[in-house]
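Printed here is query_19.cif (mmCIF, N, CA and C atoms):
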data_work
#
loop_
_atom_site.label_atom_id
_atom_site.label_comp_id
_atom_site.auth_asym_id
_atom_site.auth_seq_id
_atom_site.Cartn_x
_atom_site.Cartn_y
_atom_site.Cartn_z
N GLY A 17 -0.22 8.48 -7.75
CA GLY A 17 0.74 8.86 -6.76
C GLY A 17 2.14 8.50 -7.20
N ALA A 18 3.06 9.04 -6.47
CA ALA A 18 4.48 8.76 -6.73
C ALA A 18 4.83 7.34 -6.29
N HIS A 19 5.98 6.88 -6.71
CA HIS A 19 6.35 5.49 -6.50
C HIS A 19 7.54 5.30 -5.56
N THR A 20 7.88 6.31 -4.78
CA THR A 20 8.97 6.15 -3.83
C THR A 20 8.40 5.82 -2.45
N TYR A 21 9.23 5.23 -1.62
CA TYR A 21 8.82 4.91 -0.25
C TYR A 21 8.35 6.18 0.47
N ASP A 22 9.15 7.23 0.42
CA ASP A 22 8.80 8.46 1.13
C ASP A 22 7.48 9.05 0.66
N ASP A 23 7.25 9.04 -0.64
CA ASP A 23 6.00 9.59 -1.16
C ASP A 23 4.79 8.77 -0.77
N VAL A 24 4.91 7.44 -0.84
CA VAL A 24 3.80 6.58 -0.44
C VAL A 24 3.49 6.77 1.04
N MET A 25 4.52 6.85 1.87
CA MET A 25 4.29 7.05 3.30
C MET A 25 3.70 8.43 3.57
N PHE A 26 4.15 9.46 2.87
CA PHE A 26 3.58 10.80 3.01
C PHE A 26 2.08 10.77 2.69
N GLU A 27 1.73 10.14 1.59
CA GLU A 27 0.32 10.05 1.21
C GLU A 27 -0.48 9.27 2.26
N PHE A 28 0.09 8.18 2.75
CA PHE A 28 -0.61 7.39 3.77
C PHE A 28 -0.84 8.22 5.03
N PHE A 29 0.19 8.90 5.52
CA PHE A 29 0.04 9.69 6.74
C PHE A 29 -0.92 10.86 6.55
N SER A 30 -1.14 11.28 5.31
CA SER A 30 -2.10 12.34 5.03
C SER A 30 -3.54 11.88 5.24
N ILE A 31 -3.79 10.58 5.11
CA ILE A 31 -5.16 10.06 5.26
C ILE A 31 -5.35 9.15 6.47
N LYS A 32 -4.25 8.75 7.09
CA LYS A 32 -4.29 7.74 8.16
C LYS A 32 -5.33 8.04 9.24
N GLU A 33 -5.39 9.24 9.72
CA GLU A 33 -6.29 9.58 10.82
C GLU A 33 -7.75 9.67 10.37
N LYS A 34 -7.98 9.72 9.08
CA LYS A 34 -9.35 9.78 8.56
C LYS A 34 -9.92 8.40 8.25
N GLN A 35 -9.08 7.39 8.27
CA GLN A 35 -9.51 6.03 7.94
C GLN A 35 -10.33 5.44 9.07
N LEU A 36 -11.43 4.82 8.70
CA LEU A 36 -12.30 4.13 9.65
C LEU A 36 -12.19 2.63 9.41
N GLN A 37 -12.59 1.85 10.40
CA GLN A 37 -12.58 0.40 10.25
C GLN A 37 -13.35 0.02 9.00
N GLY A 38 -12.75 -0.82 8.18
CA GLY A 38 -13.38 -1.29 6.95
C GLY A 38 -13.00 -0.48 5.72
N ASP A 39 -12.42 0.72 5.91
CA ASP A 39 -11.97 1.51 4.76
C ASP A 39 -10.84 0.78 4.06
N MET A 40 -10.73 0.99 2.75
CA MET A 40 -9.71 0.31 1.96
C MET A 40 -8.84 1.30 1.20
N ILE A 41 -7.61 0.89 1.01
CA ILE A 41 -6.67 1.59 0.14
C ILE A 41 -6.20 0.56 -0.88
N ILE A 42 -6.23 0.93 -2.14
CA ILE A 42 -5.77 0.02 -3.19
C ILE A 42 -4.45 0.56 -3.75
N TYR A 43 -3.44 -0.27 -3.66
CA TYR A 43 -2.12 0.08 -4.17
C TYR A 43 -1.87 -0.71 -5.45
N ASP A 44 -1.38 -0.03 -6.47
CA ASP A 44 -0.98 -0.74 -7.68
C ASP A 44 0.54 -0.68 -7.81
N ASP A 45 1.04 -1.32 -8.82
CA ASP A 45 2.49 -1.39 -9.07
C ASP A 45 3.26 -2.00 -7.91
N TYR A 46 2.64 -2.97 -7.22
CA TYR A 46 3.30 -3.69 -6.13
C TYR A 46 4.23 -4.73 -6.77
N ASN A 47 5.47 -4.30 -7.04
CA ASN A 47 6.45 -5.14 -7.72
C ASN A 47 7.82 -4.74 -7.20
N ASN A 48 8.47 -5.63 -6.51
CA ASN A 48 9.74 -5.31 -5.86
C ASN A 48 10.86 -4.99 -6.84
N LEU A 49 10.84 -5.58 -8.01
CA LEU A 49 11.90 -5.29 -8.98
C LEU A 49 11.74 -3.90 -9.58
N ALA A 50 10.53 -3.53 -9.94
CA ALA A 50 10.30 -2.25 -10.59
C ALA A 50 10.11 -1.11 -9.59
N PHE A 51 9.43 -1.38 -8.47
CA PHE A 51 9.07 -0.33 -7.52
C PHE A 51 9.29 -0.77 -6.07
N PRO A 52 10.55 -0.95 -5.66
CA PRO A 52 10.81 -1.43 -4.30
C PRO A 52 10.30 -0.48 -3.22
N GLY A 53 10.21 0.81 -3.50
CA GLY A 53 9.69 1.75 -2.52
C GLY A 53 8.24 1.51 -2.19
N ILE A 54 7.45 1.19 -3.20
CA ILE A 54 6.04 0.88 -2.96
C ILE A 54 5.92 -0.38 -2.12
N VAL A 55 6.67 -1.40 -2.46
CA VAL A 55 6.61 -2.67 -1.71
C VAL A 55 6.99 -2.44 -0.25
N LYS A 56 8.06 -1.73 -0.01
CA LYS A 56 8.50 -1.47 1.37
C LYS A 56 7.44 -0.69 2.14
N ALA A 57 6.89 0.34 1.53
CA ALA A 57 5.87 1.16 2.21
C ALA A 57 4.59 0.37 2.48
N VAL A 58 4.09 -0.35 1.50
CA VAL A 58 2.85 -1.12 1.67
C VAL A 58 3.04 -2.20 2.73
N ASP A 59 4.15 -2.90 2.71
CA ASP A 59 4.42 -3.92 3.71
C ASP A 59 4.44 -3.31 5.12
N GLU A 60 5.07 -2.15 5.25
CA GLU A 60 5.13 -1.48 6.55
C GLU A 60 3.75 -1.00 7.00
N ILE A 61 3.01 -0.41 6.10
CA ILE A 61 1.66 0.07 6.43
C ILE A 61 0.78 -1.08 6.91
N CYS A 62 0.82 -2.18 6.20
CA CYS A 62 -0.04 -3.31 6.57
C CYS A 62 0.41 -3.97 7.87
N SER A 63 1.69 -4.06 8.10
CA SER A 63 2.16 -4.75 9.30
C SER A 63 2.16 -3.87 10.55
N CYS A 64 2.27 -2.57 10.39
CA CYS A 64 2.44 -1.68 11.55
C CYS A 64 1.24 -0.81 11.88
N TYR A 65 0.31 -0.65 10.95
CA TYR A 65 -0.76 0.32 11.16
C TYR A 65 -2.16 -0.28 11.08
N GLY A 66 -2.29 -1.58 11.26
CA GLY A 66 -3.60 -2.20 11.40
C GLY A 66 -4.39 -2.36 10.12
N TYR A 67 -3.74 -2.87 9.08
CA TYR A 67 -4.43 -3.14 7.83
C TYR A 67 -4.26 -4.61 7.46
N SER A 68 -5.37 -5.27 7.14
CA SER A 68 -5.27 -6.59 6.54
C SER A 68 -5.00 -6.37 5.06
N ARG A 69 -4.65 -7.42 4.37
CA ARG A 69 -4.29 -7.23 2.97
C ARG A 69 -4.69 -8.41 2.11
N ILE A 70 -5.01 -8.08 0.89
CA ILE A 70 -5.22 -9.08 -0.15
C ILE A 70 -4.24 -8.72 -1.27
N ASP A 71 -3.36 -9.65 -1.61
CA ASP A 71 -2.39 -9.42 -2.69
C ASP A 71 -2.93 -10.05 -3.97
N ILE A 72 -2.82 -9.32 -5.06
CA ILE A 72 -3.27 -9.80 -6.36
C ILE A 72 -2.12 -9.65 -7.34
N MET A 73 -1.74 -10.74 -7.96
CA MET A 73 -0.69 -10.71 -8.98
C MET A 73 -1.31 -11.16 -10.30
N THR A 74 -1.03 -10.43 -11.36
CA THR A 74 -1.55 -10.78 -12.67
C THR A 74 -0.49 -11.55 -13.45
N GLU A 75 -0.91 -12.10 -14.56
CA GLU A 75 0.02 -12.89 -15.37
C GLU A 75 1.18 -12.06 -15.91
N ASP A 76 0.97 -10.78 -16.10
CA ASP A 76 2.05 -9.93 -16.62
C ASP A 76 2.85 -9.28 -15.48
N GLU A 77 2.73 -9.87 -14.27
CA GLU A 77 3.50 -9.47 -13.09
C GLU A 77 3.12 -8.09 -12.56
N ARG A 78 1.92 -7.63 -12.91
CA ARG A 78 1.39 -6.42 -12.27
C ARG A 78 0.90 -6.84 -10.89
N GLY A 79 1.28 -6.10 -9.88
CA GLY A 79 0.87 -6.43 -8.53
C GLY A 79 -0.02 -5.36 -7.95
N TYR A 80 -0.99 -5.81 -7.17
CA TYR A 80 -1.92 -4.93 -6.48
C TYR A 80 -2.06 -5.41 -5.04
N VAL A 81 -2.29 -4.48 -4.13
CA VAL A 81 -2.59 -4.84 -2.75
C VAL A 81 -3.83 -4.04 -2.34
N ILE A 82 -4.81 -4.77 -1.81
CA ILE A 82 -5.98 -4.14 -1.21
C ILE A 82 -5.76 -4.17 0.29
N ALA A 83 -5.57 -3.01 0.88
CA ALA A 83 -5.32 -2.89 2.30
C ALA A 83 -6.61 -2.41 2.97
N LYS A 84 -7.09 -3.17 3.96
CA LYS A 84 -8.35 -2.87 4.64
C LYS A 84 -8.08 -2.56 6.10
N LYS A 85 -8.54 -1.41 6.57
CA LYS A 85 -8.36 -0.99 7.94
C LYS A 85 -9.11 -1.94 8.87
N ILE A 86 -8.40 -2.49 9.82
CA ILE A 86 -8.98 -3.44 10.77
C ILE A 86 -9.63 -2.70 11.92
#
Step by step, read the file and then write its structure as structure tokens.
Amino acid sequence: GAHTYDDVMFEFFSIKEKQLQGDMIIYDDYNNLAFPGIVKAVDEICSCYGYSRIDIMTEDERGYVIAKKI
């Protein structure tokens, strides 16, 4: 997927109504310096649309978020 806020939100809204409790979305490139749009979108999705999250950071600063529909 694309790495802008608008694109991530567009993709999310395309699947949002199909998500069931327990479904997961895995986001990669969660890095505010390189991809601030992804970080903003993922933070908003998790805080506003009922997703718990697990953040994973690797030694080379690659970031991932596993968002699980509550």
Next on the checklist: If we draw a sphere of 6 Å around (-7.1, 0.8, 12.6), which residues have at least one atom in it when counting all atoms listed in the file? Please report them as number ranges by chain.
Outcome noted: A: 37, 65-66, 85-86
For the residues in that selection, give me N, CA and C atoms as a PDB file, keeping the file's coordinate frame.
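What ended up in again_28.pdb:
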ATOM      1  N   GLN A  37     -12.590   1.850  10.400  1.00  0.00           N
ATOM      2  CA  GLN A  37     -12.580   0.400  10.250  1.00  0.00           C
ATOM      3  C   GLN A  37     -13.350   0.020   9.000  1.00  0.00           C
ATOM      4  N   TYR A  65       0.310  -0.650  10.950  1.00  0.00           N
ATOM      5  CA  TYR A  65      -0.760   0.320  11.160  1.00  0.00           C
ATOM      6  C   TYR A  65      -2.160  -0.280  11.080  1.00  0.00           C
ATOM      7  N   GLY A  66      -2.290  -1.580  11.260  1.00  0.00           N
ATOM      8  CA  GLY A  66      -3.600  -2.200  11.400  1.00  0.00           C
ATOM      9  C   GLY A  66      -4.390  -2.360  10.120  1.00  0.00           C
ATOM     10  N   LYS A  85      -8.540  -1.410   6.570  1.00  0.00           N
ATOM     11  CA  LYS A  85      -8.360  -0.990   7.940  1.00  0.00           C
ATOM     12  C   LYS A  85      -9.110  -1.940   8.870  1.00  0.00           C
ATOM     13  N   ILE A  86      -8.400  -2.490   9.820  1.00  0.00           N
ATOM     14  CA  ILE A  86      -8.980  -3.440  10.770  1.00  0.00           C
ATOM     15  C   ILE A  86      -9.630  -2.700  11.920  1.00  0.00           C
TER      16      ILE A  86
END
Checklist entry - Can you tell me, as a VMD selection string, what residues are no more than 10 Å from Ile61 in chain A when counting only C-alpha atoms, ignoring any on the same chain fewer than 3 positions away? => result chain A and resid 24 to 25 28 to 29 32 55 to 58 64 to 68 83
Those residues with N, CA and C atoms, as a PDB file, keeping the file's coordinate frame please?
ATOM      1  N   VAL A  24       4.910   7.440  -0.840  1.00  0.00           N
ATOM      2  CA  VAL A  24       3.800   6.580  -0.440  1.00  0.00           C
ATOM      3  C   VAL A  24       3.490   6.770   1.040  1.00  0.00           C
ATOM      4  N   MET A  25       4.520   6.850   1.870  1.00  0.00           N
ATOM      5  CA  MET A  25       4.290   7.050   3.300  1.00  0.00           C
ATOM      6  C   MET A  25       3.700   8.430   3.570  1.00  0.00           C
ATOM      7  N   PHE A  28       0.090   8.180   2.750  1.00  0.00           N
ATOM      8  CA  PHE A  28      -0.610   7.390   3.770  1.00  0.00           C
ATOM      9  C   PHE A  28      -0.840   8.220   5.030  1.00  0.00           C
ATOM     10  N   PHE A  29       0.190   8.900   5.520  1.00  0.00           N
ATOM     11  CA  PHE A  29       0.040   9.690   6.740  1.00  0.00           C
ATOM     12  C   PHE A  29      -0.920  10.860   6.550  1.00  0.00           C
ATOM     13  N   LYS A  32      -4.250   8.750   7.090  1.00  0.00           N
ATOM     14  CA  LYS A  32      -4.290   7.740   8.160  1.00  0.00           C
ATOM     15  C   LYS A  32      -5.330   8.040   9.240  1.00  0.00           C
ATOM     16  N   VAL A  55       6.670  -1.400  -2.460  1.00  0.00           N
ATOM     17  CA  VAL A  55       6.610  -2.670  -1.710  1.00  0.00           C
ATOM     18  C   VAL A  55       6.990  -2.440  -0.250  1.00  0.00           C
ATOM     19  N   LYS A  56       8.060  -1.730  -0.010  1.00  0.00           N
ATOM     20  CA  LYS A  56       8.500  -1.470   1.370  1.00  0.00           C
ATOM     21  C   LYS A  56       7.440  -0.690   2.140  1.00  0.00           C
ATOM     22  N   ALA A  57       6.890   0.340   1.530  1.00  0.00           N
ATOM     23  CA  ALA A  57       5.870   1.160   2.210  1.00  0.00           C
ATOM     24  C   ALA A  57       4.590   0.370   2.480  1.00  0.00           C
ATOM     25  N   VAL A  58       4.090  -0.350   1.500  1.00  0.00           N
ATOM     26  CA  VAL A  58       2.850  -1.120   1.670  1.00  0.00           C
ATOM     27  C   VAL A  58       3.040  -2.200   2.730  1.00  0.00           C
ATOM     28  N   CYS A  64       2.270  -2.570  10.390  1.00  0.00           N
ATOM     29  CA  CYS A  64       2.440  -1.680  11.550  1.00  0.00           C
ATOM     30  C   CYS A  64       1.240  -0.810  11.880  1.00  0.00           C
ATOM     31  N   TYR A  65       0.310  -0.650  10.950  1.00  0.00           N
ATOM     32  CA  TYR A  65      -0.760   0.320  11.160  1.00  0.00           C
ATOM     33  C   TYR A  65      -2.160  -0.280  11.080  1.00  0.00           C
ATOM     34  N   GLY A  66      -2.290  -1.580  11.260  1.00  0.00           N
ATOM     35  CA  GLY A  66      -3.600  -2.200  11.400  1.00  0.00           C
ATOM     36  C   GLY A  66      -4.390  -2.360  10.120  1.00  0.00           C
ATOM     37  N   TYR A  67      -3.740  -2.870   9.080  1.00  0.00           N
ATOM     38  CA  TYR A  67      -4.430  -3.140   7.830  1.00  0.00           C
ATOM     39  C   TYR A  67      -4.260  -4.610   7.460  1.00  0.00           C
ATOM     40  N   SER A  68      -5.370  -5.270   7.140  1.00  0.00           N
ATOM     41  CA  SER A  68      -5.270  -6.590   6.540  1.00  0.00           C
ATOM     42  C   SER A  68      -5.000  -6.370   5.060  1.00  0.00           C
ATOM     43  N   ALA A  83      -5.570  -3.010   0.880  1.00  0.00           N
ATOM     44  CA  ALA A  83      -5.320  -2.890   2.300  1.00  0.00           C
ATOM     45  C   ALA A  83      -6.610  -2.410   2.970  1.00  0.00           C
TER      46      ALA A  83
END
Next on the checklist: Let's see if you can do this: from backbone DSSP, list all helix (DSSP H, G or I) residues in chain A, as a ChimeraX atom specification.
Outcome noted: /A:21-34,52-64
Now that the selection is made, can you save its residues with N, CA and C atoms as a PDB file, in the frame of the given file?
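Output contents, as saved in result.pdb:
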ATOM      1  N   TYR A  21       9.230   5.230  -1.620  1.00  0.00           N
ATOM      2  CA  TYR A  21       8.820   4.910  -0.250  1.00  0.00           C
ATOM      3  C   TYR A  21       8.350   6.180   0.470  1.00  0.00           C
ATOM      4  N   ASP A  22       9.150   7.230   0.420  1.00  0.00           N
ATOM      5  CA  ASP A  22       8.800   8.460   1.130  1.00  0.00           C
ATOM      6  C   ASP A  22       7.480   9.050   0.660  1.00  0.00           C
ATOM      7  N   ASP A  23       7.250   9.040  -0.640  1.00  0.00           N
ATOM      8  CA  ASP A  23       6.000   9.590  -1.160  1.00  0.00           C
ATOM      9  C   ASP A  23       4.790   8.770  -0.770  1.00  0.00           C
ATOM     10  N   VAL A  24       4.910   7.440  -0.840  1.00  0.00           N
ATOM     11  CA  VAL A  24       3.800   6.580  -0.440  1.00  0.00           C
ATOM     12  C   VAL A  24       3.490   6.770   1.040  1.00  0.00           C
ATOM     13  N   MET A  25       4.520   6.850   1.870  1.00  0.00           N
ATOM     14  CA  MET A  25       4.290   7.050   3.300  1.00  0.00           C
ATOM     15  C   MET A  25       3.700   8.430   3.570  1.00  0.00           C
ATOM     16  N   PHE A  26       4.150   9.460   2.870  1.00  0.00           N
ATOM     17  CA  PHE A  26       3.580  10.800   3.010  1.00  0.00           C
ATOM     18  C   PHE A  26       2.080  10.770   2.690  1.00  0.00           C
ATOM     19  N   GLU A  27       1.730  10.140   1.590  1.00  0.00           N
ATOM     20  CA  GLU A  27       0.320  10.050   1.210  1.00  0.00           C
ATOM     21  C   GLU A  27      -0.480   9.270   2.260  1.00  0.00           C
ATOM     22  N   PHE A  28       0.090   8.180   2.750  1.00  0.00           N
ATOM     23  CA  PHE A  28      -0.610   7.390   3.770  1.00  0.00           C
ATOM     24  C   PHE A  28      -0.840   8.220   5.030  1.00  0.00           C
ATOM     25  N   PHE A  29       0.190   8.900   5.520  1.00  0.00           N
ATOM     26  CA  PHE A  29       0.040   9.690   6.740  1.00  0.00           C
ATOM     27  C   PHE A  29      -0.920  10.860   6.550  1.00  0.00           C
ATOM     28  N   SER A  30      -1.140  11.280   5.310  1.00  0.00           N
ATOM     29  CA  SER A  30      -2.100  12.340   5.030  1.00  0.00           C
ATOM     30  C   SER A  30      -3.540  11.880   5.240  1.00  0.00           C
ATOM     31  N   ILE A  31      -3.790  10.580   5.110  1.00  0.00           N
ATOM     32  CA  ILE A  31      -5.160  10.060   5.260  1.00  0.00           C
ATOM     33  C   ILE A  31      -5.350   9.150   6.470  1.00  0.00           C
ATOM     34  N   LYS A  32      -4.250   8.750   7.090  1.00  0.00           N
ATOM     35  CA  LYS A  32      -4.290   7.740   8.160  1.00  0.00           C
ATOM     36  C   LYS A  32      -5.330   8.040   9.240  1.00  0.00           C
ATOM     37  N   GLU A  33      -5.390   9.240   9.720  1.00  0.00           N
ATOM     38  CA  GLU A  33      -6.290   9.580  10.820  1.00  0.00           C
ATOM     39  C   GLU A  33      -7.750   9.670  10.370  1.00  0.00           C
ATOM     40  N   LYS A  34      -7.980   9.720   9.080  1.00  0.00           N
ATOM     41  CA  LYS A  34      -9.350   9.780   8.560  1.00  0.00           C
ATOM     42  C   LYS A  34      -9.920   8.400   8.250  1.00  0.00           C
ATOM     43  N   PRO A  52      10.550  -0.950  -5.660  1.00  0.00           N
ATOM     44  CA  PRO A  52      10.810  -1.430  -4.300  1.00  0.00           C
ATOM     45  C   PRO A  52      10.300  -0.480  -3.220  1.00  0.00           C
ATOM     46  N   GLY A  53      10.210   0.810  -3.500  1.00  0.00           N
ATOM     47  CA  GLY A  53       9.690   1.750  -2.520  1.00  0.00           C
ATOM     48  C   GLY A  53       8.240   1.510  -2.190  1.00  0.00           C
ATOM     49  N   ILE A  54       7.450   1.190  -3.200  1.00  0.00           N
ATOM     50  CA  ILE A  54       6.040   0.880  -2.960  1.00  0.00           C
ATOM     51  C   ILE A  54       5.920  -0.380  -2.120  1.00  0.00           C
ATOM     52  N   VAL A  55       6.670  -1.400  -2.460  1.00  0.00           N
ATOM     53  CA  VAL A  55       6.610  -2.670  -1.710  1.00  0.00           C
ATOM     54  C   VAL A  55       6.990  -2.440  -0.250  1.00  0.00           C
ATOM     55  N   LYS A  56       8.060  -1.730  -0.010  1.00  0.00           N
ATOM     56  CA  LYS A  56       8.500  -1.470   1.370  1.00  0.00           C
ATOM     57  C   LYS A  56       7.440  -0.690   2.140  1.00  0.00           C
ATOM     58  N   ALA A  57       6.890   0.340   1.530  1.00  0.00           N
ATOM     59  CA  ALA A  57       5.870   1.160   2.210  1.00  0.00           C
ATOM     60  C   ALA A  57       4.590   0.370   2.480  1.00  0.00           C
ATOM     61  N   VAL A  58       4.090  -0.350   1.500  1.00  0.00           N
ATOM     62  CA  VAL A  58       2.850  -1.120   1.670  1.00  0.00           C
ATOM     63  C   VAL A  58       3.040  -2.200   2.730  1.00  0.00           C
ATOM     64  N   ASP A  59       4.150  -2.900   2.710  1.00  0.00           N
ATOM     65  CA  ASP A  59       4.420  -3.920   3.710  1.00  0.00           C
ATOM     66  C   ASP A  59       4.440  -3.310   5.120  1.00  0.00           C
ATOM     67  N   GLU A  60       5.070  -2.150   5.250  1.00  0.00           N
ATOM     68  CA  GLU A  60       5.130  -1.480   6.550  1.00  0.00           C
ATOM     69  C   GLU A  60       3.750  -1.000   7.000  1.00  0.00           C
ATOM     70  N   ILE A  61       3.010  -0.410   6.100  1.00  0.00           N
ATOM     71  CA  ILE A  61       1.660   0.070   6.430  1.00  0.00           C
ATOM     72  C   ILE A  61       0.780  -1.080   6.910  1.00  0.00           C
ATOM     73  N   CYS A  62       0.820  -2.180   6.200  1.00  0.00           N
ATOM     74  CA  CYS A  62      -0.040  -3.310   6.570  1.00  0.00           C
ATOM     75  C   CYS A  62       0.410  -3.970   7.870  1.00  0.00           C
ATOM     76  N   SER A  63       1.690  -4.060   8.100  1.00  0.00           N
ATOM     77  CA  SER A  63       2.160  -4.750   9.300  1.00  0.00           C
ATOM     78  C   SER A  63       2.160  -3.870  10.550  1.00  0.00           C
ATOM     79  N   CYS A  64       2.270  -2.570  10.390  1.00  0.00           N
ATOM     80  CA  CYS A  64       2.440  -1.680  11.550  1.00  0.00           C
ATOM     81  C   CYS A  64       1.240  -0.810  11.880  1.00  0.00           C
TER      82      CYS A  64
END
Checklist entry - Within 7 Å of (-6.3, -0.8, -1.4), in the coordinates the file gives, what residues turn up when you count all atoms listed in the file, written out as JSON, numbers by chain? => result {"A": [40, 41, 42, 43, 81, 82, 83, 84]}
Keeping only N, CA and C atoms, take the residues you just selected and write them out as a PDB file, in the frame of the given file.
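part_36.pdb, written as the output of this step:
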ATOM      1  N   MET A  40     -10.730   0.990   2.750  1.00  0.00           N
ATOM      2  CA  MET A  40      -9.710   0.310   1.960  1.00  0.00           C
ATOM      3  C   MET A  40      -8.840   1.300   1.200  1.00  0.00           C
ATOM      4  N   ILE A  41      -7.610   0.890   1.010  1.00  0.00           N
ATOM      5  CA  ILE A  41      -6.670   1.590   0.140  1.00  0.00           C
ATOM      6  C   ILE A  41      -6.200   0.560  -0.880  1.00  0.00           C
ATOM      7  N   ILE A  42      -6.230   0.930  -2.140  1.00  0.00           N
ATOM      8  CA  ILE A  42      -5.770   0.020  -3.190  1.00  0.00           C
ATOM      9  C   ILE A  42      -4.450   0.560  -3.750  1.00  0.00           C
ATOM     10  N   TYR A  43      -3.440  -0.270  -3.660  1.00  0.00           N
ATOM     11  CA  TYR A  43      -2.120   0.080  -4.170  1.00  0.00           C
ATOM     12  C   TYR A  43      -1.870  -0.710  -5.450  1.00  0.00           C
ATOM     13  N   VAL A  81      -2.290  -4.480  -4.130  1.00  0.00           N
ATOM     14  CA  VAL A  81      -2.590  -4.840  -2.750  1.00  0.00           C
ATOM     15  C   VAL A  81      -3.830  -4.040  -2.340  1.00  0.00           C
ATOM     16  N   ILE A  82      -4.810  -4.770  -1.810  1.00  0.00           N
ATOM     17  CA  ILE A  82      -5.980  -4.140  -1.210  1.00  0.00           C
ATOM     18  C   ILE A  82      -5.760  -4.170   0.290  1.00  0.00           C
ATOM     19  N   ALA A  83      -5.570  -3.010   0.880  1.00  0.00           N
ATOM     20  CA  ALA A  83      -5.320  -2.890   2.300  1.00  0.00           C
ATOM     21  C   ALA A  83      -6.610  -2.410   2.970  1.00  0.00           C
ATOM     22  N   LYS A  84      -7.090  -3.170   3.960  1.00  0.00           N
ATOM     23  CA  LYS A  84      -8.350  -2.870   4.640  1.00  0.00           C
ATOM     24  C   LYS A  84      -8.080  -2.560   6.100  1.00  0.00           C
TER      25      LYS A  84
END
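Counting all atoms listed in the file and comparing A:Ile54, A:Ile70, A:Asp59, A:Asp76, the residue that lies closest to Asp22 in chain A is A:Ile54.
The interatomic distance for the pair atom N of Tyr21 in chain A and atom N of Gly53 in chain A works out to 4.9 Å.
Relative to atom C of Pro52 in chain A, atom N of Glu77 in chain A is found at 16.4 Å.
As for CA of Ile72 in chain A and atom C of Glu27 in chain A, they are spaced 21.1 Å apart.
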Item to check | strand (DSSP E) residues, from DSSP on the backbone, in chain A, as JSON, numbers by chain | outcome: {"A": [40, 41, 42, 43, 44, 67, 68, 69, 70, 71, 72, 73, 79, 80, 81, 82, 83, 84, 85]}
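Using all atoms listed in the file, the shortest contact distance between Asn47 in chain A and any of A:Glu33, A:Tyr80, A:Arg69, A:Glu75 is found at A:Tyr80.
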Set up a box along x, y and z of the file covering all listed atoms of range 20-39 of chain A, add 3 Å on every one of the six sides, and write the centre and edge lengths in Å to one decimal, as lines of an AutoDock Vina configuration file.
center_x = -2.1
center_y = 5.5
center_z = 3.0
size_x = 28.6
size_y = 19.6
size_z = 21.6
